[in-house]
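**Q** Below is model.cif; it holds mmCIF, C-alpha atoms and all ligand atoms.
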```cif
data_my_file
#
loop_
_atom_site.label_atom_id
_atom_site.label_comp_id
_atom_site.auth_asym_id
_atom_site.auth_seq_id
_atom_site.Cartn_x
_atom_site.Cartn_y
_atom_site.Cartn_z
CA MET A 1 0.00 0.00 0.00
CA PRO A 2 1.48 3.40 -0.89
CA LYS A 3 2.32 5.60 2.08
CA HIS A 4 0.75 9.04 2.53
CA ASP A 5 2.21 12.21 3.97
CA LEU A 6 0.79 12.52 7.48
CA ARG A 7 0.65 16.31 7.19
CA ASP A 8 -2.24 15.96 4.74
CA LEU A 9 -4.42 15.02 7.73
CA SER A 10 -6.36 17.36 9.97
CA ILE A 11 -6.44 16.58 13.69
CA GLU A 12 -10.02 15.32 13.32
CA GLU A 13 -8.99 12.94 10.52
CA LEU A 14 -6.07 11.67 12.57
CA GLU A 15 -8.31 11.14 15.60
CA GLY A 16 -10.74 9.19 13.41
CA LEU A 17 -7.95 7.06 12.01
CA LEU A 18 -6.54 6.27 15.46
CA SER A 19 -10.00 5.40 16.78
CA GLY A 20 -10.30 2.94 13.88
CA TRP A 21 -7.04 1.37 15.09
CA GLN A 22 -8.55 1.06 18.60
CA GLU A 23 -6.10 3.71 19.83
CA LYS A 24 -7.05 6.57 22.14
CA PRO A 25 -7.91 9.69 20.11
CA TYR A 26 -5.66 11.86 22.36
CA HIS A 27 -2.66 10.26 20.66
CA ALA A 28 -3.61 12.39 17.62
CA ARG A 29 -2.76 15.49 19.65
CA GLN A 30 0.58 13.99 20.62
CA VAL A 31 1.40 13.17 17.00
CA PHE A 32 0.29 16.64 15.86
CA SER A 33 2.44 18.22 18.51
CA TRP A 34 5.53 16.27 17.39
CA VAL A 35 4.97 17.13 13.75
CA HIS A 36 3.70 20.71 13.89
CA LYS A 37 4.95 22.09 17.18
CA LYS A 38 8.34 20.38 17.33
CA GLY A 39 9.03 19.92 13.61
CA ILE A 40 9.84 16.21 14.05
CA SER A 41 9.62 14.06 10.93
CA ASP A 42 10.74 10.71 12.32
CA PHE A 43 8.08 8.53 13.94
CA SER A 44 10.66 6.73 16.04
CA ALA A 45 11.44 10.01 17.84
CA MET A 46 7.85 10.35 19.12
CA SER A 47 8.81 9.10 22.54
CA ASP A 48 5.42 9.44 24.25
CA LEU A 49 3.79 7.00 21.81
CA SER A 50 3.92 3.25 22.21
CA ASP A 51 6.39 1.38 20.08
CA ASP A 52 3.49 -0.38 18.42
CA LEU A 53 1.73 2.86 17.44
CA ARG A 54 4.96 4.39 16.10
CA LYS A 55 5.48 1.32 13.93
CA LYS A 56 1.87 1.36 12.73
CA LEU A 57 2.13 5.04 11.78
CA ALA A 58 5.43 4.48 10.00
CA SER A 59 3.94 1.61 8.02
CA ARG A 60 1.14 3.78 6.63
CA PHE A 61 2.61 7.28 6.56
CA PHE A 62 5.72 9.32 5.94
CA ILE A 63 6.55 12.90 6.87
CA GLY A 64 8.31 14.28 3.85
CA SER A 65 10.94 16.96 4.07
CA LEU A 66 11.66 19.77 1.64
CA GLY A 67 15.12 19.97 0.17
CA LEU A 68 16.88 23.30 0.21
CA ALA A 69 17.96 24.10 -3.35
CA LYS A 70 19.10 27.65 -2.69
CA ILE A 71 18.92 30.35 -0.08
CA PHE A 72 19.10 34.11 -0.63
CA LYS A 73 19.68 36.40 2.33
CA SER A 74 18.82 40.07 2.17
CA SER A 75 20.57 42.79 4.11
CA ASP A 76 17.18 43.59 5.70
CA GLY A 77 16.92 40.09 7.25
CA THR A 78 14.56 38.67 4.64
CA GLU A 79 15.44 35.13 3.58
CA LYS A 80 14.18 33.52 0.41
CA PHE A 81 14.34 29.74 0.15
CA LEU A 82 14.09 27.81 -3.08
CA LEU A 83 12.67 24.50 -1.91
CA ARG A 84 12.75 21.16 -3.68
CA LEU A 85 9.58 19.07 -3.42
CA GLY A 86 9.51 15.27 -3.39
CA ASP A 87 9.16 15.11 -7.19
CA LYS A 88 12.03 17.64 -7.60
CA ASP A 89 9.74 20.54 -8.53
CA LEU A 90 10.80 23.82 -6.98
CA VAL A 91 8.83 26.39 -5.01
CA GLU A 92 9.86 29.46 -3.10
CA ALA A 93 9.08 30.44 0.47
CA VAL A 94 10.19 33.65 2.12
CA SER A 95 10.76 34.59 5.75
CA ILE A 96 10.27 38.31 6.36
CA PRO A 97 11.17 39.57 9.83
CA SER A 98 10.04 42.95 11.09
CA ALA A 99 9.91 44.64 14.48
CA ASN A 100 7.54 42.27 16.27
CA ARG A 101 6.62 39.64 13.72
CA VAL A 102 8.04 37.12 11.28
CA THR A 103 5.88 36.68 8.20
CA GLY A 104 6.17 33.62 6.02
CA CYS A 105 5.30 34.07 2.36
CA ILE A 106 4.15 30.71 1.05
CA SER A 107 3.54 29.20 -2.40
CA THR A 108 0.41 27.26 -3.27
CA GLN A 109 1.20 25.93 -6.75
CA VAL A 110 4.17 24.94 -8.90
CA GLY A 111 3.99 27.68 -11.52
CA CYS A 112 0.84 29.65 -12.14
CA LYS A 113 -1.85 29.85 -14.84
CA PHE A 114 -2.52 33.53 -14.53
CA ARG A 115 0.56 35.02 -16.19
CA CYS A 116 0.57 38.48 -14.63
CA SER A 117 3.16 40.20 -16.74
CA PHE A 118 5.09 41.59 -13.78
CA CYS A 119 5.56 38.19 -12.17
CA ALA A 120 8.24 35.61 -12.80
CA SER A 121 6.04 32.82 -11.42
CA GLY A 122 3.65 32.90 -14.35
CA ILE A 123 6.32 32.89 -17.04
CA SER A 124 6.95 29.16 -17.23
CA GLY A 125 3.26 28.38 -16.86
CA PHE A 126 1.36 26.12 -14.50
CA LYS A 127 2.60 22.69 -13.51
CA ARG A 128 0.56 21.45 -10.56
CA ASN A 129 -1.14 22.29 -7.29
CA LEU A 130 0.70 21.80 -4.03
CA SER A 131 -0.82 19.29 -1.63
CA VAL A 132 -1.92 20.25 1.87
CA ALA A 133 1.19 18.49 3.23
CA GLU A 134 3.49 20.48 0.93
CA ILE A 135 1.91 23.79 1.94
CA ILE A 136 2.25 22.87 5.62
CA ALA A 137 5.83 21.73 4.97
CA GLU A 138 6.72 25.21 3.69
CA ALA A 139 5.36 26.79 6.89
CA LEU A 140 7.23 24.25 9.03
CA PHE A 141 10.40 24.83 7.03
CA LEU A 142 10.21 28.58 7.64
CA LYS A 143 9.54 28.07 11.32
CA TYR A 144 12.30 25.56 11.98
CA LYS A 145 14.93 26.20 9.30
CA SER A 146 14.99 29.99 8.83
CA SER A 147 17.43 32.07 10.85
CA GLN A 148 14.48 33.53 12.75
CA LYS A 149 13.22 30.11 13.97
CA LYS A 150 9.89 31.84 14.33
CA LEU A 151 6.71 32.28 12.33
CA THR A 152 3.95 34.61 13.52
CA HIS A 153 2.13 35.50 10.30
CA ILE A 154 1.53 33.82 6.96
CA VAL A 155 0.73 35.32 3.58
CA PHE A 156 -0.29 33.12 0.68
CA MET A 157 1.50 35.34 -1.77
CA GLY A 158 4.23 33.11 -3.16
CA THR A 159 4.03 31.21 -6.43
CA GLY A 160 0.51 30.37 -7.54
CA GLU A 161 -3.00 31.67 -7.13
CA PRO A 162 -4.36 30.40 -3.78
CA PHE A 163 -7.97 30.36 -5.02
CA ASP A 164 -6.93 28.12 -7.90
CA ASN A 165 -5.96 25.49 -5.29
CA TYR A 166 -8.86 26.39 -3.04
CA ASP A 167 -9.58 23.20 -1.09
CA CYS A 168 -5.95 22.45 -0.22
CA VAL A 169 -5.31 26.04 0.84
CA MET A 170 -8.39 26.10 3.09
CA LYS A 171 -7.48 22.80 4.71
CA ALA A 172 -3.86 23.92 5.22
CA ILE A 173 -5.10 27.15 6.82
CA ARG A 174 -7.30 25.21 9.25
CA ILE A 175 -4.38 22.95 10.20
CA ILE A 176 -1.99 25.91 10.61
CA ASN A 177 -4.65 27.70 12.66
CA SER A 178 -5.34 24.68 14.89
CA PRO A 179 -4.24 24.99 18.53
CA PHE A 180 -2.69 21.55 18.06
CA GLY A 181 -0.82 22.71 14.95
CA LEU A 182 1.24 25.84 14.45
CA ASN A 183 -1.55 27.74 16.20
CA ILE A 184 -1.22 30.84 14.05
CA GLY A 185 -4.35 32.96 14.48
CA ALA A 186 -6.59 33.25 11.42
CA ARG A 187 -6.28 37.04 11.51
CA ARG A 188 -2.55 36.58 11.06
CA ILE A 189 -3.08 34.63 7.86
CA THR A 190 -3.58 36.50 4.59
CA ILE A 191 -4.82 35.09 1.30
CA SER A 192 -3.60 37.17 -1.60
CA THR A 193 -5.52 36.75 -4.84
CA SER A 194 -5.16 38.16 -8.31
CA GLY A 195 -8.93 38.67 -8.19
CA ILE A 196 -10.62 35.29 -8.67
CA ILE A 197 -14.25 36.19 -8.00
CA PRO A 198 -15.58 32.66 -7.31
CA GLY A 199 -12.81 32.23 -4.69
CA ILE A 200 -13.75 35.52 -3.01
CA LYS A 201 -17.39 34.42 -2.89
CA LYS A 202 -16.54 31.00 -1.45
CA LEU A 203 -14.19 32.48 1.15
CA ALA A 204 -16.99 34.77 2.34
CA ASP A 205 -18.94 31.63 3.34
CA GLU A 206 -16.05 29.81 5.08
CA GLY A 207 -16.49 31.49 8.45
CA LEU A 208 -12.72 31.97 8.61
CA GLN A 209 -11.34 35.19 10.04
CA VAL A 210 -8.44 35.32 7.56
CA GLU A 211 -7.38 38.50 5.81
CA LEU A 212 -8.17 38.93 2.12
CA SER A 213 -5.82 40.86 -0.08
CA VAL A 214 -6.53 41.58 -3.75
CA SER A 215 -3.82 42.53 -6.22
CA LEU A 216 -5.29 45.50 -8.05
CA HIS A 217 -2.39 47.44 -9.61
CA ALA A 218 -4.72 49.49 -11.81
CA ALA A 219 -8.01 51.30 -11.37
CA ASP A 220 -9.50 50.83 -14.83
CA ASP A 221 -10.02 47.72 -16.91
CA ALA A 222 -8.00 48.88 -19.92
CA THR A 223 -4.87 49.43 -17.81
CA ARG A 224 -5.35 46.30 -15.70
CA ASP A 225 -5.87 44.19 -18.82
CA LEU A 226 -2.33 45.13 -19.85
CA ILE A 227 -0.63 43.57 -16.84
CA MET A 228 -3.12 41.03 -15.46
CA PRO A 229 -4.76 38.78 -18.08
CA VAL A 230 -7.10 37.52 -15.34
CA ASN A 231 -8.83 40.89 -15.62
CA LYS A 232 -10.33 39.78 -18.91
CA ILE A 233 -12.14 36.99 -17.06
CA TYR A 234 -12.91 38.88 -13.85
CA PRO A 235 -12.88 42.58 -14.78
CA LEU A 236 -12.84 45.36 -12.22
CA LYS A 237 -16.46 46.18 -12.85
CA GLU A 238 -17.31 42.74 -11.40
CA LEU A 239 -14.34 42.33 -9.03
CA ILE A 240 -14.94 45.49 -7.01
CA PRO A 241 -18.65 44.69 -6.39
CA ALA A 242 -17.58 41.16 -5.33
CA CYS A 243 -15.21 42.73 -2.78
CA ARG A 244 -18.00 45.00 -1.55
CA ASP A 245 -20.23 41.92 -1.13
CA TYR A 246 -17.40 40.14 0.70
CA PHE A 247 -17.26 42.98 3.22
CA LYS A 248 -21.05 43.02 3.62
CA LYS A 249 -21.08 39.31 4.34
CA THR A 250 -18.02 39.03 6.56
CA ASN A 251 -17.60 42.53 7.95
CA ARG A 252 -13.92 42.07 7.16
CA GLN A 253 -11.91 44.77 5.45
CA VAL A 254 -10.35 43.95 2.08
CA THR A 255 -6.78 45.08 1.37
CA PHE A 256 -5.91 46.14 -2.16
CA GLU A 257 -2.29 45.88 -3.30
CA TYR A 258 -1.22 48.52 -5.79
CA ILE A 259 2.29 48.33 -7.25
CA MET A 260 3.23 51.79 -8.47
CA ILE A 261 4.99 51.84 -11.84
CA LYS A 262 6.27 55.12 -13.14
CA GLY A 263 4.47 56.35 -16.25
CA PHE A 264 1.94 53.53 -16.06
CA ASN A 265 -0.41 53.74 -13.09
CA SER A 266 0.97 56.41 -10.80
CA ASP A 267 -0.39 59.81 -11.84
CA LEU A 268 -3.13 61.85 -10.17
CA LYS A 269 -5.74 60.70 -12.69
CA ASN A 270 -4.98 57.08 -11.66
CA ALA A 271 -5.30 58.11 -7.99
CA ALA A 272 -8.67 59.77 -8.72
CA ASP A 273 -9.89 56.64 -10.56
CA LEU A 274 -8.79 54.43 -7.66
CA GLY A 275 -10.54 56.71 -5.16
CA LYS A 276 -13.69 56.52 -7.27
CA ILE A 277 -13.91 52.72 -7.57
CA LEU A 278 -13.21 52.16 -3.85
CA LYS A 279 -15.41 55.00 -2.61
CA GLY A 280 -17.46 54.08 0.44
CA MET A 281 -15.89 50.63 0.80
CA ASP A 282 -14.29 49.70 4.13
CA SER A 283 -10.93 48.81 2.63
CA LYS A 284 -7.24 49.55 2.74
CA VAL A 285 -4.84 50.27 -0.11
CA ASN A 286 -1.19 49.23 0.14
CA LEU A 287 0.95 51.24 -2.25
CA ILE A 288 4.13 49.39 -3.21
CA PRO A 289 6.75 51.23 -5.27
CA ALA A 290 7.86 48.94 -8.11
CA ASN A 291 11.20 47.21 -7.83
CA PRO A 292 13.25 48.68 -10.66
CA VAL A 293 14.09 46.42 -13.63
CA LYS A 294 16.62 48.20 -15.77
CA GLU A 295 16.34 46.09 -18.92
CA LEU A 296 12.59 46.64 -19.04
CA LYS A 297 12.80 50.30 -18.12
CA ILE A 298 10.52 49.73 -15.17
CA GLU A 299 11.00 52.01 -12.26
CA ALA A 300 9.20 53.32 -9.25
CA PRO A 301 7.75 56.82 -9.44
CA SER A 302 9.64 59.61 -7.68
CA ASP A 303 9.05 60.08 -3.94
CA LYS A 304 7.16 63.26 -4.79
CA GLU A 305 4.83 61.47 -7.22
CA ILE A 306 4.25 58.67 -4.71
CA SER A 307 3.40 61.06 -1.93
CA GLN A 308 1.08 63.11 -4.19
CA PHE A 309 -0.70 59.89 -5.18
CA LYS A 310 -1.00 58.82 -1.56
CA ASN A 311 -2.26 62.22 -0.43
CA ALA A 312 -4.83 62.33 -3.24
CA LEU A 313 -6.15 58.93 -2.20
CA SER A 314 -6.27 59.92 1.48
CA ALA A 315 -8.11 63.12 0.55
CA SER A 316 -10.78 61.04 -1.18
CA GLY A 317 -11.31 59.12 2.07
CA ILE A 318 -9.31 56.00 1.24
CA ASN A 319 -7.31 54.30 3.98
CA VAL A 320 -3.87 54.08 2.37
CA THR A 321 -0.41 52.98 3.50
CA LEU A 322 2.91 53.05 1.71
CA ARG A 323 4.76 49.74 1.95
CA LYS A 324 8.45 49.44 1.58
CA PRO A 325 9.31 46.43 -0.58
CA ARG A 326 11.26 43.84 1.46
CA GLY A 327 14.23 41.83 0.30
CA GLU A 328 14.78 44.12 -2.71
CA ASP A 329 18.38 42.99 -3.07
CA ILE A 330 17.32 39.35 -3.40
CA GLU A 331 14.17 39.89 -5.49
CA ALA A 332 12.01 38.42 -2.75
CA ALA A 333 8.77 40.20 -3.46
CA CYS A 334 6.72 37.05 -2.94
CA GLY A 335 5.86 35.60 -6.33
CA GLN A 336 6.49 38.90 -7.98
CA LEU A 337 10.18 38.39 -8.32
CA ARG A 338 10.69 40.32 -11.43
CA PHE A 339 8.70 42.64 -13.57
CA SER A 340 8.36 41.65 -17.19
CA TYR A 341 5.92 44.26 -18.12
CA GLU A 342 6.52 46.35 -21.17
CA LYS A 343 3.98 49.03 -21.72
CA LYS A 344 2.47 48.68 -25.13
S1 LIG A 401 1.16 37.47 -9.43
FE1 LIG A 401 0.20 35.66 -8.54
S2 LIG A 401 -1.53 35.21 -9.93
FE2 LIG A 401 -0.14 36.58 -11.06
S3 LIG A 401 1.21 35.18 -12.24
FE3 LIG A 401 2.23 35.68 -10.29
S4 LIG A 401 1.71 34.00 -8.92
FE4 LIG A 401 0.22 33.99 -10.62
#
```
Could you render the structure from this file as structure tokens?
Ligand code: SF4
**A**
Amino acid sequence: MPKHDLRDLSIEELEGLLSGWQEKPYHARQVFSWVHKKGISDFSAMSDLSDDLRKKLASRFFIGSLGLAKIFKSSDGTEKFLLRLGDKDLVEAVSIPSANRVTGCISTQVGCKFRCSFCASGISGFKRNLSVAEIIAEALFLKYKSSQKKLTHIVFMGTGEPFDNYDCVMKAIRIINSPFGLNIGARRITISTSGIIPGIKKLADEGLQVELSVSLHAADDATRDLIMPVNKIYPLKELIPACRDYFKKTNRQVTFEYIMIKGFNSDLKNAADLGKILKGMDSKVNLIPANPVKELKIEAPSDKEISQFKNALSASGINVTLRKPRGEDIEAACGQLRFSYEKK
């Protein structure tokens, strides 16, 4: 019988399995604790389990480990890991420390179907979804193998579109959120989407207190079409109402990410358009100056232009913050490693 990765199981599933083996369900909590709280991947090290149970678990399951293919360390403390999965596919995970938190940026797919033109992840196309166990393994890797040895927040903003691997991402979130797992509060977990409307609608019904972040990067369909092909399927005129509905249903604020690219989406007309489409919505806009890419002539607007844009948005009643890109020197902008946009 082929073995399965134990980290695919929720605590309830593990309890059910152990009950079926005539074992006490509380052993599930012990196993979870070894795997998720102590980062142990060897059943024989689970010293509070009987020898018999350890052997039984080892005969049915494995706890796979991710290989480290490469590590990039930024001068700001950010670490990007290129991780090798069991089948040799590669994904990236990033550890981003700041004053009182360490955020893990996690991938959900190998490659991506959505081909945003500013993102390296979409270039080679989509290969496959990550399993629940692989998503959890990234989080565990960041917690136990990064220099920080700590993980307080998670953003699903690495390679892949989380809503395109919806069921695995939701299950992984519930396991990460579990008090018997990594115990990271739902409000410390952010799902970042390119704007997949069915995913936004489904999330609204999950009863999960996670944060929702939508990559906007433009305030009109013609401009957004140029950099995010997904806009042709889910255009702003439908996406923004879906976000308004999400707020109505969940009472949870939506964050909009807006990468500022000089000469493309950063003038006062763009700010006015953005103010208009978000008017009256309880939301937040994160402005992110573009990482410069010399060969593509992509650069961030001047500080003056950025601050005029920000002030114009604030004046129209929008809650706006300016985010400093992290890990600039290692291109660690979470799935947006490199701009490939050329304005047509
Ligand atoms: S930004 Fe996200 S959705 Fe767009 S191509 Fe990259 S990984 Fe895919």
**Q** Rank A:Ser95, A:Asn270, A:Thr193, A:Asn265 by their smallest atom-to-atom distance to ligand LIG 401 (chain A), using all atoms listed in the file, and report the top residue only.
**A**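 Among A:Ser95, A:Asn270, A:Thr193, A:Asn265, it is A:Thr193 that comes nearest to ligand LIG 401 (chain A).
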**Q** Choose the residue, out of A:Asn291, A:Ser314, A:Asn251, A:Asn129, that has the smallest atom-to-atom separation from Leu208 (chain A); count all atoms listed in the file.
**A** A:Asn251
**Q** Would you compute the distance between CA of Glu161 (chain A) and CA of Gln109 (chain A)? Give it in Å to one decimal.
**A**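 Between these atoms lies a distance of 7.1 Å.
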**Q** Out of A:Phe264, A:Phe43, A:Tyr246, A:Phe163, which residue has the shortest atom-to-atom distance to ligand LIG 401 (chain A) when counting only C-alpha atoms and all ligand atoms?
**A** A:Phe163
**Q** Using all atoms listed in the file, what are the residues with an atom within 8 Å of ligand LIG 401 (chain A), set out as an MDAnalysis selection string?
**A** chainID A and resid 111:123 157:161 193:194 215 228 335:336
**Q** Restricted to C-alpha atoms, what would the selected residues look like written as a compact mmCIF listing (two decimals), in the frame of the given file?
**A**
```txt
# COMPACT_ATOMS: atom_id res chain seq x y z
CA GLY A 111 3.99 27.68 -11.52
CA CYS A 112 0.84 29.65 -12.14
CA LYS A 113 -1.85 29.85 -14.84
CA PHE A 114 -2.52 33.53 -14.53
CA ARG A 115 0.56 35.02 -16.19
CA CYS A 116 0.57 38.48 -14.63
CA SER A 117 3.16 40.20 -16.74
CA PHE A 118 5.09 41.59 -13.78
CA CYS A 119 5.56 38.19 -12.17
CA ALA A 120 8.24 35.61 -12.80
CA SER A 121 6.04 32.82 -11.42
CA GLY A 122 3.65 32.90 -14.35
CA ILE A 123 6.32 32.89 -17.04
CA MET A 157 1.50 35.34 -1.77
CA GLY A 158 4.23 33.11 -3.16
CA THR A 159 4.03 31.21 -6.43
CA GLY A 160 0.51 30.37 -7.54
CA GLU A 161 -3.00 31.67 -7.13
CA THR A 193 -5.52 36.75 -4.84
CA SER A 194 -5.16 38.16 -8.31
CA SER A 215 -3.82 42.53 -6.22
CA MET A 228 -3.12 41.03 -15.46
CA GLY A 335 5.86 35.60 -6.33
CA GLN A 336 6.49 38.90 -7.98
```
